[in-house]
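**Student:** Provided below: protein.cif, containing mmCIF, C-alpha atoms.
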data_model
#
loop_
_atom_site.label_atom_id
_atom_site.label_comp_id
_atom_site.auth_asym_id
_atom_site.auth_seq_id
_atom_site.Cartn_x
_atom_site.Cartn_y
_atom_site.Cartn_z
CA MET A 254 93.18 -7.40 77.45
CA SER A 255 89.68 -7.42 78.90
CA TYR A 256 89.77 -7.13 82.65
CA ALA A 257 85.99 -7.36 83.01
CA THR A 258 85.94 -10.94 81.74
CA THR A 259 88.59 -12.13 84.17
CA VAL A 260 87.74 -15.05 86.46
CA LEU A 261 84.16 -14.06 87.10
CA PRO A 262 82.19 -16.82 88.77
CA THR A 263 79.10 -17.65 86.73
CA HIS A 264 76.92 -19.29 89.36
CA VAL A 265 75.72 -16.15 91.05
CA SER A 266 73.65 -13.14 90.28
CA PRO A 267 76.60 -11.11 91.20
CA SER A 268 77.33 -7.88 92.87
CA VAL A 269 80.71 -7.46 91.27
CA VAL A 270 83.43 -4.91 91.85
CA THR A 271 86.56 -4.89 89.73
CA LEU A 272 89.72 -2.93 90.32
CA VAL A 273 92.98 -2.82 88.43
CA ILE A 274 96.06 -1.31 90.04
CA PRO A 275 99.66 -1.07 88.91
CA CYS A 276 101.86 -3.73 90.47
CA LYS A 277 103.63 -1.15 92.60
CA PRO A 278 103.84 -0.74 96.38
CA GLU A 279 102.25 2.68 96.43
CA TYR A 280 98.98 1.31 95.00
CA VAL A 281 98.34 -1.44 97.54
CA ALA A 282 96.61 1.08 99.78
CA VAL A 283 94.12 1.67 96.96
CA ALA A 284 93.24 -2.02 96.93
CA ARG A 285 92.81 -2.01 100.69
CA LEU A 286 90.59 1.03 100.48
CA ALA A 287 88.39 -0.69 97.91
CA VAL A 288 88.08 -3.70 100.20
CA LEU A 289 87.02 -1.38 102.99
CA GLY A 290 84.22 -0.06 100.80
CA ILE A 291 83.10 -3.49 99.65
CA ALA A 292 83.30 -5.23 103.01
CA GLY A 293 81.70 -2.22 104.66
CA ARG A 294 78.42 -3.19 102.98
CA ILE A 295 78.43 -6.46 104.88
CA PRO A 296 77.55 -6.58 108.58
CA TRP A 297 80.95 -7.79 109.70
CA SER A 298 82.74 -6.45 112.71
CA SER A 299 85.46 -3.89 112.12
CA ASP A 300 88.02 -6.54 113.06
CA GLU A 301 86.69 -8.88 110.37
CA VAL A 302 86.85 -6.12 107.79
CA GLU A 303 90.40 -5.26 108.85
CA ASP A 304 91.36 -8.92 108.59
CA LEU A 305 90.10 -9.04 105.02
CA ARG A 306 91.98 -5.84 104.17
CA LEU A 307 95.12 -7.41 105.57
CA ALA A 308 94.63 -10.58 103.54
CA VAL A 309 94.24 -8.59 100.31
CA GLY A 310 97.22 -6.44 101.20
CA GLU A 311 99.32 -9.55 101.76
CA VAL A 312 98.41 -10.99 98.36
CA CYS A 313 99.24 -7.72 96.61
CA ALA A 314 102.52 -7.44 98.51
CA ASP A 315 103.44 -10.94 97.39
CA ALA A 316 102.90 -10.01 93.74
CA ILE A 317 105.00 -6.89 94.17
CA GLU A 318 107.76 -8.83 95.87
CA ARG A 319 107.84 -11.34 93.00
CA ALA A 320 107.87 -8.49 90.49
CA SER A 321 110.83 -6.92 92.28
CA ILE A 322 112.94 -9.95 91.42
CA HIS A 323 112.63 -9.24 87.71
CA GLU A 324 114.33 -6.59 85.65
CA THR A 325 112.28 -3.41 85.47
CA GLU A 326 111.63 -3.84 81.76
CA THR A 327 110.17 -7.29 82.32
CA VAL A 328 107.42 -6.10 84.65
CA ALA A 329 106.81 -2.61 83.26
CA GLY A 330 103.07 -2.09 82.95
CA VAL A 331 102.19 -5.19 84.90
CA CYS A 332 98.94 -4.85 86.83
CA ILE A 333 97.14 -6.54 89.66
CA GLU A 334 93.46 -7.24 89.00
CA LEU A 335 90.97 -7.66 91.81
CA VAL A 336 87.49 -9.01 91.23
CA ALA A 337 85.20 -9.06 94.24
CA VAL A 338 81.92 -10.94 94.03
CA ILE A 339 79.28 -10.84 96.73
CA SER A 340 77.03 -13.86 96.43
CA THR A 341 74.36 -15.06 98.78
CA GLU A 342 76.86 -17.00 100.84
CA SER A 343 80.23 -15.36 100.62
CA LEU A 344 82.47 -12.60 99.46
CA THR A 345 84.98 -13.96 96.98
CA ILE A 346 87.96 -11.88 95.95
CA ASP A 347 90.10 -13.09 93.08
CA ILE A 348 93.44 -11.36 92.79
CA ARG A 349 95.35 -11.95 89.59
CA ASP A 350 98.76 -10.73 88.64
CA HIS A 351 100.72 -11.22 85.45
CA VAL A 352 104.11 -11.33 87.09
CA PRO A 353 106.19 -13.97 85.35
CA PRO A 354 107.71 -16.75 87.42
CA PRO A 355 111.04 -15.79 88.99
CA PRO A 356 114.01 -16.21 86.65
CA PHE A 357 116.47 -18.93 87.53
CA GLU A 358 119.06 -16.60 88.99
CA PRO A 359 119.82 -17.82 92.49
CA GLU A 360 121.90 -14.81 93.41
CA LYS A 361 118.98 -12.47 92.71
CA ALA A 362 116.41 -14.63 94.42
CA ALA A 363 118.68 -14.92 97.43
CA LYS A 364 118.85 -11.17 97.95
CA HIS A 365 115.73 -11.36 100.10
CA GLU A 366 117.02 -12.02 103.59
CA PRO A 367 115.28 -14.79 105.46
CA LEU A 368 113.61 -13.77 108.66
CA PRO A 369 115.13 -15.03 111.89
CA TYR A 370 113.49 -17.18 114.53
CA GLY A 371 112.27 -19.91 112.21
CA LEU A 372 110.25 -17.60 110.01
CA HIS A 373 111.78 -18.76 106.78
CA ASP A 374 110.62 -16.01 104.49
CA ARG A 375 108.00 -13.34 104.18
CA GLN A 376 105.77 -15.38 101.89
CA GLU A 377 105.66 -18.27 104.31
CA VAL A 378 104.58 -15.93 107.08
CA SER A 379 102.15 -14.24 104.74
CA ASP A 380 100.54 -17.49 103.62
CA ALA A 381 100.10 -18.66 107.19
CA LEU A 382 98.61 -15.29 108.03
CA ILE A 383 96.14 -15.26 105.15
CA THR A 384 94.98 -18.76 106.06
CA GLU A 385 93.99 -17.40 109.47
CA LEU A 386 92.30 -14.30 108.09
CA VAL A 387 89.83 -15.79 105.61
CA ASP A 388 87.70 -18.90 105.34
CA SER A 389 89.34 -20.16 102.17
CA PHE A 390 92.62 -19.32 100.47
CA GLU A 391 93.76 -20.84 97.18
CA ARG A 392 96.66 -19.98 94.91
CA SER A 393 97.11 -21.17 91.35
CA HIS A 394 99.54 -20.31 88.60
CA GLU A 395 98.31 -19.76 85.10
CA MET A 396 99.07 -17.73 81.99
CA GLY A 397 102.41 -16.55 83.28
CA GLY A 398 100.99 -15.18 86.48
CA THR A 399 99.29 -16.05 89.74
CA VAL A 400 95.66 -16.10 90.80
CA VAL A 401 94.72 -16.07 94.46
CA ARG A 402 91.17 -16.64 95.60
CA LEU A 403 90.09 -15.43 99.02
CA VAL A 404 86.67 -16.42 100.31
CA LYS A 405 84.96 -15.14 103.41
CA ARG A 406 81.53 -16.39 104.36
CA LEU A 407 78.76 -13.85 104.85
CA PRO A 408 76.86 -13.59 108.11
CA ASP A 409 73.70 -15.69 108.28
CA GLY A 410 70.72 -13.97 106.79
CA PHE A 411 72.61 -11.29 104.92
CA GLN A 412 71.10 -10.47 101.53
CA PRO A 413 73.51 -8.84 99.08
CA LEU B 136 96.90 6.94 105.13
CA ASN B 137 100.65 7.07 105.18
CA LEU B 138 103.26 6.28 107.74
CA HIS B 139 104.36 8.93 110.21
CA ILE B 140 107.48 8.57 112.31
CA ASP B 141 108.51 11.05 114.98
CA THR B 142 111.68 10.56 116.96
CA ASN B 143 112.65 11.72 120.41
CA ASP B 144 116.21 11.36 121.67
CA SER B 145 115.20 11.17 125.31
CA GLU B 146 118.47 10.13 126.91
CA LYS B 147 121.88 8.86 125.92
CA GLY B 148 121.61 5.69 123.90
CA THR B 149 117.83 5.74 123.93
CA LEU B 150 115.79 6.70 120.93
CA THR B 151 112.01 6.79 121.02
CA PHE B 152 109.99 6.47 117.84
CA ASN B 153 106.35 7.39 117.70
CA VAL B 154 104.99 5.39 114.79
CA SER B 155 101.52 5.97 113.39
CA GLY B 156 99.57 5.27 110.24
CA GLU B 157 100.20 2.33 107.94
CA VAL B 158 103.25 0.08 107.91
CA ASP B 159 102.97 -1.83 104.66
CA VAL B 160 104.92 -2.95 101.61
CA PHE B 161 105.19 0.68 100.50
CA SER B 162 106.00 2.48 103.73
CA SER B 163 107.95 -0.13 105.66
CA THR B 164 111.18 0.89 103.95
CA GLU B 165 110.94 4.24 105.72
CA LEU B 166 110.64 2.54 109.11
CA LYS B 167 113.41 0.08 108.23
CA ASP B 168 115.77 2.90 107.28
CA ALA B 169 114.97 4.85 110.44
CA LEU B 170 115.58 1.87 112.69
CA GLU B 171 118.74 0.80 110.91
CA HIS B 172 120.07 4.36 111.15
CA ALA B 173 119.33 4.50 114.88
CA ILE B 174 121.09 1.20 115.52
CA HIS B 175 124.01 2.19 113.32
CA GLN B 176 124.33 5.48 115.23
CA GLY B 177 124.71 3.57 118.48
CA SER B 178 121.26 3.62 120.03
CA THR B 179 121.13 0.63 122.34
CA LYS B 180 117.59 1.14 123.51
CA ILE B 181 115.00 1.70 120.84
CA ILE B 182 111.48 2.36 121.96
CA LEU B 183 108.70 2.05 119.41
CA CYS B 184 105.40 3.61 120.43
CA MET B 185 102.87 1.88 118.19
CA SER B 186 99.47 2.88 119.54
CA GLY B 187 98.79 4.88 116.40
CA VAL B 188 99.52 2.11 113.91
CA GLU B 189 96.30 1.51 111.99
CA TYR B 190 97.63 -1.13 109.63
CA ILE B 191 100.65 -3.40 109.59
CA ASP B 192 101.41 -6.35 107.32
CA SER B 193 104.04 -9.07 107.15
CA THR B 194 106.48 -6.67 105.52
CA GLY B 195 106.24 -4.40 108.55
CA LEU B 196 106.54 -7.39 110.84
CA GLY B 197 109.74 -8.36 109.06
CA VAL B 198 111.13 -4.89 109.66
CA LEU B 199 110.39 -5.13 113.39
CA ILE B 200 111.91 -8.60 113.70
CA ASN B 201 115.05 -7.65 111.82
CA ALA B 202 115.44 -4.46 113.86
CA MET B 203 115.04 -6.40 117.08
CA LYS B 204 117.67 -8.86 115.91
CA ALA B 205 120.04 -6.06 114.90
CA ALA B 206 119.59 -4.34 118.25
CA LYS B 207 120.33 -7.57 120.11
CA GLU B 208 123.49 -8.07 118.08
CA LYS B 209 124.64 -4.70 119.43
CA GLU B 210 123.63 -5.80 122.94
CA GLY B 211 120.72 -3.45 122.80
CA VAL B 212 116.99 -3.84 122.99
CA LEU B 213 113.94 -2.90 121.00
CA ILE B 214 110.85 -2.23 123.10
CA ILE B 215 107.37 -1.92 121.70
CA VAL B 216 105.03 0.33 123.65
CA SER B 217 101.26 0.23 123.62
CA PRO B 218 100.80 -1.67 120.37
CA SER B 219 97.54 -0.95 118.61
CA PRO B 220 94.95 -3.72 118.22
CA ARG B 221 96.12 -4.35 114.64
CA VAL B 222 99.71 -4.81 115.78
CA VAL B 223 98.57 -7.14 118.55
CA ARG B 224 96.44 -9.07 116.07
CA LEU B 225 99.36 -9.53 113.67
CA PHE B 226 101.69 -10.63 116.46
CA ASP B 227 99.12 -13.11 117.75
CA LEU B 228 98.35 -14.62 114.35
CA THR B 229 102.00 -15.07 113.46
CA GLY B 230 103.01 -16.29 116.91
CA VAL B 231 105.76 -13.73 117.44
CA THR B 232 104.41 -11.96 120.52
CA SER B 233 106.89 -13.65 122.82
CA LEU B 234 109.81 -12.51 120.68
CA PHE B 235 109.26 -8.87 121.57
CA THR B 236 109.61 -6.85 124.73
CA ILE B 237 106.25 -5.11 125.01
CA CYS B 238 105.36 -2.42 127.55
CA ASP B 239 102.02 -0.81 128.27
CA THR B 240 103.41 2.67 128.77
CA LEU B 241 106.36 4.76 127.70
CA GLU B 242 107.25 5.18 131.36
CA ASP B 243 107.54 1.41 131.75
CA ALA B 244 109.74 1.24 128.67
CA ASN B 245 112.00 4.00 129.91
CA GLN B 246 112.45 2.20 133.22
CA SER B 247 113.30 -1.16 131.68
CA GLU B 248 116.89 -2.23 131.24
CA ALA B 249 118.68 -1.15 128.09
CA THR B 250 120.28 -4.55 127.65
CA SER B 251 118.40 -7.35 126.03
CA THR B 252 117.64 -10.23 128.35
CA LYS B 253 115.92 -12.48 125.79
#
Translate this structure into structure tokens?

**Tutor:**
Amino acid sequence: MSYATTVLPTHVSPSVVTLVIPCKPEYVAVARLAVLGIAGRIPWSSDEVEDLRLAVGEVCADAIERASIHETETVAGVCIELVAVISTESLTIDIRDHVPPPPFEPEKAAKHEPLPYGLHDRQEVSDALITELVDSFERSHEMGGTVVRLVKRLPDGFQP
Amino acid sequence: LNLHIDTNDSEKGTLTFNVSGEVDVFSSTELKDALEHAIHQGSTKIILCMSGVEYIDSTGLGVLINAMKAAKEKEGVLIIVSPSPRVVRLFDLTGVTSLFTICDTLEDANQSEATSTK
């Protein structure tokens, strides 16, 4: 598997950062730390940087939650790949996991308790949250996994 | 970078947690267990001081909501004190601010009623 060739946009002269972490809860902080370093190069406010860290953390948490539905053997060695590209207009972060779709086992899928007060489940809350945190948020499913693209526009006049 | 939880059993039925650090998909289980244990042990007034929380995600939010619900089922209350800007931001973005009892100071929280009114 070649991580470096994963979902790299071709229309930019890119400043590219790639990171691969195990699909495990204890590594999400590493992804957030990387985002801090990348976004710290851009003249955003600390709140904007924190918002982006939260968005990336939410996407990683979603992958980990989906992985938790599977048997351990099924997701052993599964990674989350992050590719951050700073172009002249935006910071794009693609986050790809290779977590298979959930098995059709309703009793296992149902073990995640729904949240009360109309918040149907964590992913619904998470998706609504991410939509507020970045300028663009897309999710697609391919090759037995999920790819999420987060885009945040750069401040006017910023040269990467 | 990790979550830190200190507890203070200030008076009968009241348990104060000082939560700091990061409440995320990794660490939220620790907070969940601590809150569930407190409720199970009969604490009817749980005070969560959250000024030192530097990061919280939807997993952490779920823990808070479920703990608040569990406390209410026991006719108790969960009070959040001095939430950090990141906690406030998450509450605002997800529209859950009104669900929680929030106090500016620990003194205010200690003086509020132990029974949920919401």

**Student:** Which residues of chain A come within 8 Å of chain B, and for each one, what is the closest pair of atoms and their distance in Å to one decimal, counting all atoms listed in the file, sorted by chain and residue number, as CSV?

**Tutor:**
residue,atom,partner,partner_atom,distance
A:Pro278,CA,B:Phe161,CA,4.6
A:Glu279,CA,B:Phe161,CA,5.4
A:Val281,CA,B:Phe161,CA,7.8
A:Ala282,CA,B:Leu136,CA,7.9
A:Leu307,CA,B:Asp192,CA,6.6
A:Gly310,CA,B:Asp192,CA,7.4
A:Glu311,CA,B:Asp192,CA,6.7
A:Ala314,CA,B:Val160,CA,6.0
A:Leu368,CA,B:Gly197,CA,6.7
A:Pro369,CA,B:Asn201,CA,7.4
A:Arg375,CA,B:Ser193,CA,6.5
A:Val378,CA,B:Ser193,CA,6.9
A:Ser379,CA,B:Ser193,CA,6.0
A:Ala381,CA,B:Thr229,CA,7.5
A:Leu382,CA,B:Leu228,CA,6.4
A:Glu385,CA,B:Leu228,CA,7.1

**Student:** Expand the PyMOL selection byres ((chain B and resi 170) around 10) into the explicit residue set it covers here, and present it as a VMD selection string.

**Tutor:** chain B and resid 150 152 164 to 169 171 to 176 178 181 183 198 to 199 201 to 203 205 to 206 213

**Student:** Quick one: pull the distance between atom CA of B:Cys184 and atom CA of B:Lys209, Å, one decimal.

**Tutor:** 21.0 Å

**Student:** Just say which residues the PyMOL selection byres ((chain A and resi 394) around 10) picks in this file, as a PyMOL selection string.

**Tutor:** chain A and resi 349-351+353-354+392-393+395-401

**Student:** Excluding A:Ile339 and any residue of its chain fewer than 2 positions from it, enumerate the residues within 10 Å of it, using only C-alpha atoms, and give them as an mmCIF file with C-alpha atoms, keeping the file's coordinate frame.

**Tutor:**
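Result written to result.cif:
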data_model
loop_
_atom_site.group_PDB
_atom_site.id
_atom_site.type_symbol
_atom_site.label_atom_id
_atom_site.label_comp_id
_atom_site.auth_asym_id
_atom_site.auth_seq_id
_atom_site.Cartn_x
_atom_site.Cartn_y
_atom_site.Cartn_z
ATOM 1 C CA VAL A 265 75.720 -16.150 91.050
ATOM 2 C CA SER A 266 73.650 -13.140 90.280
ATOM 3 C CA PRO A 267 76.600 -11.110 91.200
ATOM 4 C CA SER A 268 77.330 -7.880 92.870
ATOM 5 C CA VAL A 269 80.710 -7.460 91.270
ATOM 6 C CA VAL A 270 83.430 -4.910 91.850
ATOM 7 C CA ILE A 291 83.100 -3.490 99.650
ATOM 8 C CA ALA A 292 83.300 -5.230 103.010
ATOM 9 C CA ARG A 294 78.420 -3.190 102.980
ATOM 10 C CA ILE A 295 78.430 -6.460 104.880
ATOM 11 C CA ALA A 337 85.200 -9.060 94.240
ATOM 12 C CA THR A 341 74.360 -15.060 98.780
ATOM 13 C CA GLU A 342 76.860 -17.000 100.840
ATOM 14 C CA SER A 343 80.230 -15.360 100.620
ATOM 15 C CA LEU A 344 82.470 -12.600 99.460
ATOM 16 C CA THR A 345 84.980 -13.960 96.980
ATOM 17 C CA ILE A 346 87.960 -11.880 95.950
ATOM 18 C CA VAL A 404 86.670 -16.420 100.310
ATOM 19 C CA LYS A 405 84.960 -15.140 103.410
ATOM 20 C CA ARG A 406 81.530 -16.390 104.360
ATOM 21 C CA LEU A 407 78.760 -13.850 104.850
ATOM 22 C CA GLN A 412 71.100 -10.470 101.530
ATOM 23 C CA PRO A 413 73.510 -8.840 99.080
#

**Student:** In Å, how far is it from atom CA of A:Glu334 to atom CA of A:Ala320?

**Tutor:**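 Distance between the two atoms: 14.5 Å.
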
**Student:** So the first atom is atom CA of B:Lys207 and the second is atom CA of B:Glu146; what is the distance between them in Å, to one decimal place?

**Tutor:**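 A separation of 19.1 Å between them.
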
**Student:** For a quick check of understanding, using all atoms listed in the file, which of A:Leu335, A:Leu272, A:Leu403, A:Leu386 has the smallest distance to A:Asp300?

**Tutor:**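 Of the candidates, the smallest distance to A:Asp300 is held by A:Leu386.
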
**Student:** Translate the PyMOL selection byres ((chain B and resi 217) around 6) into a concrete residue list for this structure, as a ChimeraX atom specification.

**Tutor:** /B:185-186,216,218,239

**Student:** For the residues in that selection, give me C-alpha atoms as a tab-separated table (two decimals), keeping the file's coordinate frame.

**Tutor:**
chain	number	residue	atom	x	y	z
B	185	MET	CA	102.87	1.88	118.19
B	186	SER	CA	99.47	2.88	119.54
B	216	VAL	CA	105.03	0.33	123.65
B	218	PRO	CA	100.80	-1.67	120.37
B	239	ASP	CA	102.02	-0.81	128.27

**Student:** Would you please work out which residue, of A:Glu301, A:Ser389, A:Gly330, A:Ala308, is nearest to A:Pro275 when using all atoms listed in the file?

**Tutor:**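 With all atoms listed in the file as the atom set, the closest residue is A:Gly330.
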
**Student:** Measuring between all atoms listed in the file, which one of B:Ser233, B:Thr240, B:Ser247, B:Thr179 shows the shortest distance to B:Glu210?

**Tutor:** B:Thr179

**Student:** Can you patch up stretch 158-169 of chain B, filling it in to N, CA and C atoms, and show the result as an mmCIF file, in the coordinates of the input?

**Tutor:**
data_model
loop_
_atom_site.group_PDB
_atom_site.id
_atom_site.type_symbol
_atom_site.label_atom_id
_atom_site.label_comp_id
_atom_site.auth_asym_id
_atom_site.auth_seq_id
_atom_site.Cartn_x
_atom_site.Cartn_y
_atom_site.Cartn_z
ATOM 1 N N VAL B 158 101.937 0.682 108.165
ATOM 2 C CA VAL B 158 103.250 0.080 107.910
ATOM 3 C C VAL B 158 103.028 -1.076 106.938
ATOM 4 N N ASP B 159 103.254 -0.801 105.669
ATOM 5 C CA ASP B 159 102.970 -1.830 104.660
ATOM 6 C C ASP B 159 104.128 -1.965 103.685
ATOM 7 N N VAL B 160 103.865 -2.654 102.582
ATOM 8 C CA VAL B 160 104.920 -2.950 101.610
ATOM 9 C C VAL B 160 105.496 -1.662 101.011
ATOM 10 N N PHE B 161 104.721 -0.597 101.024
ATOM 11 C CA PHE B 161 105.190 0.680 100.500
ATOM 12 C C PHE B 161 105.982 1.463 101.544
ATOM 13 N N SER B 162 105.424 1.564 102.734
ATOM 14 C CA SER B 162 106.000 2.480 103.730
ATOM 15 C C SER B 162 107.032 1.838 104.645
ATOM 16 N N SER B 163 107.079 0.520 104.670
ATOM 17 C CA SER B 163 107.950 -0.130 105.660
ATOM 18 C C SER B 163 109.429 0.181 105.438
ATOM 19 N N THR B 164 109.786 0.534 104.219
ATOM 20 C CA THR B 164 111.180 0.890 103.950
ATOM 21 C C THR B 164 111.602 2.106 104.772
ATOM 22 N N GLU B 165 110.647 3.037 104.937
ATOM 23 C CA GLU B 165 110.940 4.240 105.720
ATOM 24 C C GLU B 165 111.236 3.877 107.182
ATOM 25 N N LEU B 166 110.423 2.974 107.725
ATOM 26 C CA LEU B 166 110.640 2.540 109.110
ATOM 27 C C LEU B 166 111.941 1.745 109.217
ATOM 28 N N LYS B 167 112.182 0.892 108.242
ATOM 29 C CA LYS B 167 113.410 0.080 108.230
ATOM 30 C C LYS B 167 114.643 0.993 108.232
ATOM 31 N N ASP B 168 114.627 1.988 107.367
ATOM 32 C CA ASP B 168 115.770 2.900 107.280
ATOM 33 C C ASP B 168 115.975 3.657 108.598
ATOM 34 N N ALA B 169 114.868 4.099 109.189
ATOM 35 C CA ALA B 169 114.970 4.850 110.440
ATOM 36 C C ALA B 169 115.546 3.999 111.561
#
